[in-house]
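Enquirer: Dumping the structure here so I can ask a few things about it.
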Amino acid sequence: MNDSFAAYVASARALAAERNIPWDLPVECDGFIDKHAAWDLTAMAGTVPPPFTRLSDLGSDRNTVEVLNKHLAEIGRPAVAKAALSQGWQDLIKAATIHQILVLRNTPGHVSLQVIRPLRALGTCVQALSGAEPWAMTADDVRFARAVAIAVQASGKLGELVESVVKYIFDARHLCDHGPFHHLLKTEWGERTRPIKRGPQIRRFLGERKNEERLPELRALWELIRIVFTEPPRTFSDALRFAQIKLLILCGLRVGEVCSIPADWKRVRDYVDLDGRAAGEVVIADADAPSLCRKAMGA
């Protein structure tokens, strides 16, 4: 274990101790953790459930194992089963979870899907190929793990997430003795996954909408209006969503504008004329208009 990896884990353990978060978790042979001992990431982040997000598995990723065995068969290696990851990989996953939630303030859903899962997929492949701990894996381990992760999903998203954790966790913090690795993973596959930027499209008439096929039907809009104005919200999150949607419908605001409205949004300002009368009460007759103009000019 190198000094950078040891310091990364030690800082996470210290943060966990400050928050009374137990570091040593009872991990079964298949990697699962009892739900009573699993980390409640939702409570750790201070967010309001639902959803409930927990760190309940420190074993190999099940979907990755299925694809991994096909790749192992191609190179003459025996198949592997779902099992608990080594202590080094478990410490890395726990340390990354602590830093992502308590330091970077990322949401539990983001941490679970875009940090924990790709780390588990990476550890699954590395341990099956070379058995290396996270600080000792090589470029061949990373390439193999990325290739397996690409094949797990048709979109290749998991492979992209593996690249991301390699770049922003391993390389950025110098956790591995043989790193950095990210510059070795730039391939044609990575270029093809980037969205294609389209130029401005010329509209044929004023009523034509941009990307109209993505817009919901009119019936869906009326159903949304019926729900937010007649149905009672079931959770606190639903109440917030209903309030935001009502503002969008009534005021025509953008989604980003609704989210940035301050809590003390209400402002009341009275507009009066020179005589102190409210603007809504002033009725100017044609005969009085010249005298009012002279009075306003100080004549």
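Every chain in the structure tokens takes a letter, A first, then B, and so on in the order presented; its residues are numbered from 1, and the ligands are numbered from 1 following the presented order.
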I'd like the neighbourhood of range 43-52 of chain A as a ChimeraX atom specification, where a residue qualifies if any of its atoms comes within 10 Å (using only C-alpha atoms), though same-chain residues fewer than 6 positions away should be ignored.
Expert: /A:16,19,21,98,100-102,105-109,235-237
Enquirer: Neighbouring residues of Ser4 in chain A were defined as those with any atom within 12 Å, considering only C-alpha atoms; residues of the same chain fewer than 5 positions away were excluded. Please report them as a list in words.
Expert: Val9, Ala10, Ser11, Leu92, Pro134, Trp135, Ile169, Phe170, Asp171, Ala172, Arg173, His174, Leu175, Cys176 and Asp177 of chain A
Enquirer: Would you mind exporting C-alpha atoms of the selected residues as a tab-separated table (two decimals), in the first residue's frame?
Expert:
```
chain	number	residue	atom	x	y	z
A	9	VAL	CA	-8.38	5.84	3.48
A	10	ALA	CA	-7.17	7.32	6.78
A	11	SER	CA	-8.83	10.67	6.10
A	92	LEU	CA	-11.38	2.13	-1.25
A	134	PRO	CA	-6.31	-1.20	-5.97
A	135	TRP	CA	-2.90	0.41	-5.36
A	169	ILE	CA	-10.19	8.98	-8.00
A	170	PHE	CA	-7.11	6.94	-8.91
A	171	ASP	CA	-5.19	9.33	-11.14
A	172	ALA	CA	-6.15	12.59	-9.44
A	173	ARG	CA	-5.15	11.29	-5.99
A	174	HIS	CA	-2.19	9.13	-7.13
A	175	LEU	CA	-3.66	6.06	-5.46
A	176	CYS	CA	-1.96	3.54	-7.74
A	177	ASP	CA	1.76	2.84	-8.07
```
Enquirer: Write out as a list of chain:residue names each polymer residue whose atoms come within 9 Å of Ile116 in chain A, counting only C-alpha atoms; drop sequence neighbours fewer than 3 positions from it.
Expert: A:Leu55, A:Ile93, A:Lys94, A:Ala96, A:Thr97, A:Val111, A:Ser112, A:Leu113, A:Leu119, A:Arg120, A:Ala121
Enquirer: May I have the selected residues written with N, CA and C atoms, as a compact mmCIF listing (two decimals), in the first residue's frame?
Expert:
```
# COMPACT_ATOMS: atom_id res chain seq x y z
N LEU A 55 -25.35 1.65 1.27
CA LEU A 55 -24.19 0.88 0.85
C LEU A 55 -24.34 -0.50 1.47
N ILE A 93 -13.73 1.63 -1.62
CA ILE A 93 -15.13 1.97 -1.88
C ILE A 93 -15.71 2.77 -0.72
N LYS A 94 -15.41 2.36 0.50
CA LYS A 94 -15.92 3.10 1.65
C LYS A 94 -15.31 4.50 1.73
N ALA A 96 -14.13 6.31 -0.79
CA ALA A 96 -14.70 7.13 -1.86
C ALA A 96 -16.11 7.57 -1.52
N THR A 97 -16.88 6.70 -0.88
CA THR A 97 -18.25 7.05 -0.48
C THR A 97 -18.24 8.19 0.53
N VAL A 111 -23.68 9.03 -5.99
CA VAL A 111 -22.57 8.25 -5.43
C VAL A 111 -22.81 6.76 -5.65
N SER A 112 -24.04 6.32 -5.46
CA SER A 112 -24.34 4.90 -5.59
C SER A 112 -24.16 4.40 -7.01
N LEU A 113 -24.66 5.15 -7.98
CA LEU A 113 -24.67 4.69 -9.37
C LEU A 113 -23.40 5.05 -10.13
N LEU A 119 -16.69 1.39 -9.25
CA LEU A 119 -15.56 0.89 -8.45
C LEU A 119 -15.71 -0.60 -8.19
N ARG A 120 -16.92 -1.05 -7.91
CA ARG A 120 -17.15 -2.49 -7.71
C ARG A 120 -16.90 -3.26 -9.01
N ALA A 121 -17.33 -2.71 -10.14
CA ALA A 121 -17.08 -3.37 -11.42
C ALA A 121 -15.58 -3.43 -11.71
```
Enquirer: Rank A:Ala128, A:Ala81, A:Trp265, A:Arg226 by their smallest atom-to-atom distance to Ile249 in chain A, using only C-alpha atoms, and report the top residue only.
Expert: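 Checking each of A:Ala128, A:Ala81, A:Trp265, A:Arg226 against Ile249 in chain A, counting only C-alpha atoms, the winner is A:Arg226.
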Enquirer: So which residues of range 134-275 of chain A fall under helix (DSSP H, G or I) by DSSP, listed as an mmCIF file with N, CA and C atoms, in the first residue's frame?
Expert:
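The result, stored in out-v2.cif:
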```cif
data_model
loop_
_atom_site.group_PDB
_atom_site.id
_atom_site.type_symbol
_atom_site.label_atom_id
_atom_site.label_comp_id
_atom_site.auth_asym_id
_atom_site.auth_seq_id
_atom_site.Cartn_x
_atom_site.Cartn_y
_atom_site.Cartn_z
ATOM 1 N N PRO A 134 -6.123 -2.422 -5.172
ATOM 2 C CA PRO A 134 -6.309 -1.200 -5.972
ATOM 3 C C PRO A 134 -5.033 -0.393 -6.177
ATOM 4 N N TRP A 135 -4.123 -0.376 -5.205
ATOM 5 C CA TRP A 135 -2.904 0.410 -5.360
ATOM 6 C C TRP A 135 -1.861 -0.293 -6.231
ATOM 7 N N ALA A 136 -2.108 -1.560 -6.587
ATOM 8 C CA ALA A 136 -1.124 -2.327 -7.351
ATOM 9 C C ALA A 136 -1.616 -2.728 -8.731
ATOM 10 N N ALA A 139 -1.944 -1.156 -16.010
ATOM 11 C CA ALA A 139 -2.702 -0.661 -17.154
ATOM 12 C C ALA A 139 -3.479 -1.779 -17.832
ATOM 13 N N ASP A 140 -2.914 -2.993 -17.854
ATOM 14 C CA ASP A 140 -3.637 -4.124 -18.448
ATOM 15 C C ASP A 140 -4.905 -4.429 -17.660
ATOM 16 N N ASP A 141 -4.828 -4.319 -16.341
ATOM 17 C CA ASP A 141 -6.023 -4.533 -15.517
ATOM 18 C C ASP A 141 -7.105 -3.513 -15.858
ATOM 19 N N VAL A 142 -6.704 -2.261 -15.994
ATOM 20 C CA VAL A 142 -7.676 -1.199 -16.255
ATOM 21 C C VAL A 142 -8.288 -1.368 -17.642
ATOM 22 N N ARG A 143 -7.473 -1.684 -18.640
ATOM 23 C CA ARG A 143 -8.005 -1.888 -19.994
ATOM 24 C C ARG A 143 -8.985 -3.056 -20.023
ATOM 25 N N PHE A 144 -8.627 -4.136 -19.348
ATOM 26 C CA PHE A 144 -9.513 -5.300 -19.316
ATOM 27 C C PHE A 144 -10.828 -4.956 -18.626
ATOM 28 N N ALA A 145 -10.758 -4.246 -17.512
ATOM 29 C CA ALA A 145 -11.971 -3.877 -16.782
ATOM 30 C C ALA A 145 -12.844 -2.953 -17.611
ATOM 31 N N ARG A 146 -12.218 -2.014 -18.315
ATOM 32 C CA ARG A 146 -12.998 -1.102 -19.151
ATOM 33 C C ARG A 146 -13.690 -1.855 -20.283
ATOM 34 N N ALA A 147 -12.992 -2.822 -20.891
ATOM 35 C CA ALA A 147 -13.582 -3.600 -21.985
ATOM 36 C C ALA A 147 -14.770 -4.423 -21.495
ATOM 37 N N VAL A 148 -14.647 -5.009 -20.314
ATOM 38 C CA VAL A 148 -15.759 -5.783 -19.755
ATOM 39 C C VAL A 148 -16.925 -4.865 -19.416
ATOM 40 N N ALA A 149 -16.634 -3.722 -18.809
ATOM 41 C CA ALA A 149 -17.693 -2.796 -18.399
ATOM 42 C C ALA A 149 -18.456 -2.249 -19.600
ATOM 43 N N ILE A 150 -17.777 -2.043 -20.719
ATOM 44 C CA ILE A 150 -18.460 -1.570 -21.924
ATOM 45 C C ILE A 150 -19.515 -2.572 -22.366
ATOM 46 N N ALA A 151 -19.191 -3.866 -22.250
ATOM 47 C CA ALA A 151 -20.094 -4.913 -22.729
ATOM 48 C C ALA A 151 -21.246 -5.189 -21.776
ATOM 49 N N VAL A 152 -21.196 -4.651 -20.565
ATOM 50 C CA VAL A 152 -22.272 -4.911 -19.601
ATOM 51 C C VAL A 152 -23.566 -4.248 -20.046
ATOM 52 N N LYS A 157 -22.328 2.690 -20.984
ATOM 53 C CA LYS A 157 -22.252 3.701 -19.929
ATOM 54 C C LYS A 157 -21.362 3.261 -18.775
ATOM 55 N N LEU A 158 -21.438 1.995 -18.388
ATOM 56 C CA LEU A 158 -20.621 1.539 -17.265
ATOM 57 C C LEU A 158 -19.139 1.652 -17.591
ATOM 58 N N GLY A 159 -18.771 1.398 -18.834
ATOM 59 C CA GLY A 159 -17.377 1.575 -19.226
ATOM 60 C C GLY A 159 -16.931 3.017 -19.103
ATOM 61 N N GLU A 160 -17.823 3.930 -19.451
ATOM 62 C CA GLU A 160 -17.513 5.349 -19.305
ATOM 63 C C GLU A 160 -17.349 5.731 -17.839
ATOM 64 N N LEU A 161 -18.169 5.146 -16.966
ATOM 65 C CA LEU A 161 -18.061 5.435 -15.538
ATOM 66 C C LEU A 161 -16.774 4.858 -14.950
ATOM 67 N N VAL A 162 -16.350 3.700 -15.453
ATOM 68 C CA VAL A 162 -15.074 3.139 -15.003
ATOM 69 C C VAL A 162 -13.934 4.081 -15.369
ATOM 70 N N GLU A 163 -13.969 4.610 -16.585
ATOM 71 C CA GLU A 163 -12.962 5.601 -16.970
ATOM 72 C C GLU A 163 -12.998 6.807 -16.034
ATOM 73 N N SER A 164 -14.194 7.219 -15.657
ATOM 74 C CA SER A 164 -14.337 8.402 -14.812
ATOM 75 C C SER A 164 -13.713 8.188 -13.436
ATOM 76 N N VAL A 165 -13.980 7.040 -12.803
ATOM 77 C CA VAL A 165 -13.409 6.813 -11.471
ATOM 78 C C VAL A 165 -11.902 6.622 -11.546
ATOM 79 N N VAL A 166 -11.423 6.057 -12.647
ATOM 80 C CA VAL A 166 -9.972 5.930 -12.812
ATOM 81 C C VAL A 166 -9.330 7.310 -12.900
ATOM 82 N N LYS A 167 -9.975 8.205 -13.629
ATOM 83 C CA LYS A 167 -9.403 9.545 -13.817
ATOM 84 C C LYS A 167 -9.510 10.392 -12.561
ATOM 85 N N TYR A 168 -10.688 10.427 -11.941
ATOM 86 C CA TYR A 168 -10.933 11.390 -10.867
ATOM 87 C C TYR A 168 -10.659 10.842 -9.466
ATOM 88 N N ILE A 169 -10.500 9.541 -9.323
ATOM 89 C CA ILE A 169 -10.189 8.981 -8.003
ATOM 90 C C ILE A 169 -8.766 8.428 -7.979
ATOM 91 N N PHE A 170 -8.445 7.542 -8.914
ATOM 92 C CA PHE A 170 -7.110 6.936 -8.909
ATOM 93 C C PHE A 170 -6.039 7.915 -9.378
ATOM 94 N N ASP A 171 -6.232 8.473 -10.572
ATOM 95 C CA ASP A 171 -5.190 9.332 -11.137
ATOM 96 C C ASP A 171 -5.075 10.661 -10.396
ATOM 97 N N ALA A 172 -6.199 11.272 -10.077
ATOM 98 C CA ALA A 172 -6.151 12.589 -9.439
ATOM 99 C C ALA A 172 -5.525 12.532 -8.051
ATOM 100 N N ARG A 173 -5.676 11.409 -7.362
ATOM 101 C CA ARG A 173 -5.154 11.285 -5.993
ATOM 102 C C ARG A 173 -3.912 10.400 -5.914
ATOM 103 N N HIS A 182 -5.527 7.257 -17.220
ATOM 104 C CA HIS A 182 -6.618 7.774 -18.049
ATOM 105 C C HIS A 182 -6.172 8.067 -19.473
ATOM 106 N N HIS A 183 -4.946 8.540 -19.651
ATOM 107 C CA HIS A 183 -4.499 8.860 -21.007
ATOM 108 C C HIS A 183 -4.369 7.612 -21.871
ATOM 109 N N LEU A 184 -4.305 6.432 -21.242
ATOM 110 C CA LEU A 184 -4.214 5.188 -21.998
ATOM 111 C C LEU A 184 -5.577 4.685 -22.445
ATOM 112 N N GLU A 188 -11.185 5.215 -29.780
ATOM 113 C CA GLU A 188 -12.262 5.609 -30.688
ATOM 114 C C GLU A 188 -13.618 5.406 -30.036
ATOM 115 N N TRP A 189 -13.728 4.387 -29.171
ATOM 116 C CA TRP A 189 -15.007 4.173 -28.490
ATOM 117 C C TRP A 189 -15.377 5.382 -27.657
ATOM 118 N N GLY A 190 -14.393 5.951 -26.947
ATOM 119 C CA GLY A 190 -14.675 7.111 -26.122
ATOM 120 C C GLY A 190 -15.108 8.309 -26.940
ATOM 121 N N GLU A 191 -14.549 8.448 -28.152
ATOM 122 C CA GLU A 191 -14.944 9.565 -28.995
ATOM 123 C C GLU A 191 -16.353 9.386 -29.534
ATOM 124 N N ARG A 192 -16.736 8.143 -29.852
ATOM 125 C CA ARG A 192 -18.046 7.918 -30.445
ATOM 126 C C ARG A 192 -19.177 8.121 -29.457
ATOM 127 N N GLU A 212 -39.784 18.901 -31.494
ATOM 128 C CA GLU A 212 -41.186 18.752 -31.111
ATOM 129 C C GLU A 212 -41.519 17.326 -30.702
ATOM 130 N N GLU A 213 -40.774 16.351 -31.232
ATOM 131 C CA GLU A 213 -41.063 14.957 -30.896
ATOM 132 C C GLU A 213 -40.788 14.650 -29.429
ATOM 133 N N ARG A 214 -40.001 15.485 -28.769
ATOM 134 C CA ARG A 214 -39.704 15.263 -27.354
ATOM 135 C C ARG A 214 -40.769 15.848 -26.433
ATOM 136 N N LEU A 218 -50.759 17.070 -25.625
ATOM 137 C CA LEU A 218 -51.621 18.005 -24.902
ATOM 138 C C LEU A 218 -52.398 17.290 -23.798
ATOM 139 N N ARG A 219 -52.766 16.053 -24.047
ATOM 140 C CA ARG A 219 -53.498 15.281 -23.038
ATOM 141 C C ARG A 219 -52.648 15.079 -21.786
ATOM 142 N N ALA A 220 -51.350 14.869 -21.976
ATOM 143 C CA ALA A 220 -50.457 14.685 -20.830
ATOM 144 C C ALA A 220 -50.355 15.969 -20.015
ATOM 145 N N LEU A 221 -50.359 17.121 -20.684
ATOM 146 C CA LEU A 221 -50.307 18.392 -19.963
ATOM 147 C C LEU A 221 -51.539 18.574 -19.086
ATOM 148 N N TRP A 222 -52.724 18.281 -19.627
ATOM 149 C CA TRP A 222 -53.941 18.439 -18.832
ATOM 150 C C TRP A 222 -53.990 17.439 -17.678
ATOM 151 N N GLU A 223 -53.440 16.261 -17.887
ATOM 152 C CA GLU A 223 -53.385 15.291 -16.792
ATOM 153 C C GLU A 223 -52.450 15.781 -15.685
ATOM 154 N N LEU A 224 -51.334 16.402 -16.075
ATOM 155 C CA LEU A 224 -50.425 16.975 -15.086
ATOM 156 C C LEU A 224 -51.112 18.086 -14.301
ATOM 157 N N ILE A 225 -51.862 18.938 -14.992
ATOM 158 C CA ILE A 225 -52.588 20.012 -14.309
ATOM 159 C C ILE A 225 -53.608 19.439 -13.331
ATOM 160 N N ARG A 226 -54.298 18.393 -13.749
ATOM 161 C CA ARG A 226 -55.282 17.777 -12.855
ATOM 162 C C ARG A 226 -54.627 17.221 -11.596
ATOM 163 N N ILE A 227 -53.469 16.609 -11.760
ATOM 164 C CA ILE A 227 -52.803 15.987 -10.616
ATOM 165 C C ILE A 227 -52.341 17.039 -9.618
ATOM 166 N N VAL A 228 -51.652 18.072 -10.098
ATOM 167 C CA VAL A 228 -51.047 19.027 -9.161
ATOM 168 C C VAL A 228 -52.080 19.930 -8.498
ATOM 169 N N PHE A 229 -53.252 20.114 -9.127
ATOM 170 C CA PHE A 229 -54.249 21.012 -8.548
ATOM 171 C C PHE A 229 -55.379 20.283 -7.822
ATOM 172 N N THR A 230 -55.477 18.968 -7.987
ATOM 173 C CA THR A 230 -56.580 18.244 -7.342
ATOM 174 C C THR A 230 -56.118 17.105 -6.444
ATOM 175 N N PHE A 236 -43.340 14.694 1.283
ATOM 176 C CA PHE A 236 -42.836 16.064 1.288
ATOM 177 C C PHE A 236 -42.212 16.421 -0.058
ATOM 178 N N SER A 237 -41.526 15.447 -0.663
ATOM 179 C CA SER A 237 -40.937 15.693 -1.983
ATOM 180 C C SER A 237 -42.018 15.955 -3.020
ATOM 181 N N ASP A 238 -43.133 15.219 -2.923
ATOM 182 C CA ASP A 238 -44.243 15.464 -3.848
ATOM 183 C C ASP A 238 -44.807 16.871 -3.669
ATOM 184 N N ALA A 239 -44.891 17.325 -2.419
ATOM 185 C CA ALA A 239 -45.402 18.676 -2.171
ATOM 186 C C ALA A 239 -44.504 19.726 -2.816
ATOM 187 N N LEU A 240 -43.190 19.524 -2.740
ATOM 188 C CA LEU A 240 -42.263 20.457 -3.385
ATOM 189 C C LEU A 240 -42.424 20.426 -4.903
ATOM 190 N N ARG A 241 -42.560 19.214 -5.447
ATOM 191 C CA ARG A 241 -42.721 19.101 -6.902
ATOM 192 C C ARG A 241 -44.021 19.763 -7.353
ATOM 193 N N PHE A 242 -45.094 19.542 -6.604
ATOM 194 C CA PHE A 242 -46.374 20.143 -6.973
ATOM 195 C C PHE A 242 -46.272 21.663 -6.972
ATOM 196 N N ALA A 243 -45.625 22.219 -5.937
ATOM 197 C CA ALA A 243 -45.492 23.676 -5.853
ATOM 198 C C ALA A 243 -44.670 24.218 -7.021
ATOM 199 N N GLN A 244 -43.608 23.518 -7.381
ATOM 200 C CA GLN A 244 -42.783 23.970 -8.498
ATOM 201 C C GLN A 244 -43.547 23.902 -9.816
ATOM 202 N N ILE A 245 -44.293 22.821 -10.012
ATOM 203 C CA ILE A 245 -45.039 22.675 -11.265
ATOM 204 C C ILE A 245 -46.128 23.740 -11.369
ATOM 205 N N LYS A 246 -46.765 24.073 -10.251
ATOM 206 C CA LYS A 246 -47.776 25.133 -10.275
ATOM 207 C C LYS A 246 -47.158 26.463 -10.696
ATOM 208 N N LEU A 247 -45.959 26.754 -10.188
ATOM 209 C CA LEU A 247 -45.280 27.984 -10.595
ATOM 210 C C LEU A 247 -44.934 27.959 -12.081
ATOM 211 N N LEU A 248 -44.494 26.804 -12.565
ATOM 212 C CA LEU A 248 -44.168 26.694 -13.984
ATOM 213 C C LEU A 248 -45.394 26.944 -14.850
ATOM 214 N N ILE A 249 -46.530 26.408 -14.416
ATOM 215 C CA ILE A 249 -47.756 26.549 -15.207
ATOM 216 C C ILE A 249 -48.286 27.979 -15.153
ATOM 217 N N LEU A 250 -48.329 28.569 -13.961
ATOM 218 C CA LEU A 250 -48.969 29.870 -13.789
ATOM 219 C C LEU A 250 -48.078 31.034 -14.209
ATOM 220 N N CYS A 251 -46.780 30.911 -13.993
ATOM 221 C CA CYS A 251 -45.882 32.045 -14.232
ATOM 222 C C CYS A 251 -45.029 31.892 -15.485
ATOM 223 N N VAL A 255 -37.312 25.887 -15.447
ATOM 224 C CA VAL A 255 -37.062 24.985 -14.327
ATOM 225 C C VAL A 255 -35.956 25.536 -13.434
ATOM 226 N N GLY A 256 -34.896 26.035 -14.034
ATOM 227 C CA GLY A 256 -33.810 26.587 -13.243
ATOM 228 C C GLY A 256 -34.216 27.810 -12.447
ATOM 229 N N GLU A 257 -35.137 28.600 -12.983
ATOM 230 C CA GLU A 257 -35.603 29.784 -12.268
ATOM 231 C C GLU A 257 -36.458 29.403 -11.067
ATOM 232 N N VAL A 258 -37.258 28.362 -11.206
ATOM 233 C CA VAL A 258 -38.088 27.921 -10.083
ATOM 234 C C VAL A 258 -37.215 27.423 -8.937
ATOM 235 N N CYS A 259 -36.175 26.679 -9.271
ATOM 236 C CA CYS A 259 -35.296 26.132 -8.231
ATOM 237 C C CYS A 259 -34.518 27.217 -7.498
#
```
Enquirer: Between CA of Ala95 in chain A and CA of Arg13 in chain A, what is the distance, to one decimal in Å?
Expert: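 Going from CA of Ala95 in chain A over to CA of Arg13 in chain A covers 7.2 Å.
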Enquirer: Measuring atom to atom with only C-alpha atoms, identify which of A:Gly179, A:Leu129, A:Arg254, A:His110 is nearest to Ala73 in chain A.
Expert: A:Leu129
Enquirer: In Å to one decimal, how far is CA of Ser60 in chain A from CA of Val27 in chain A?
Expert: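 These atoms are spaced 12.1 Å apart.
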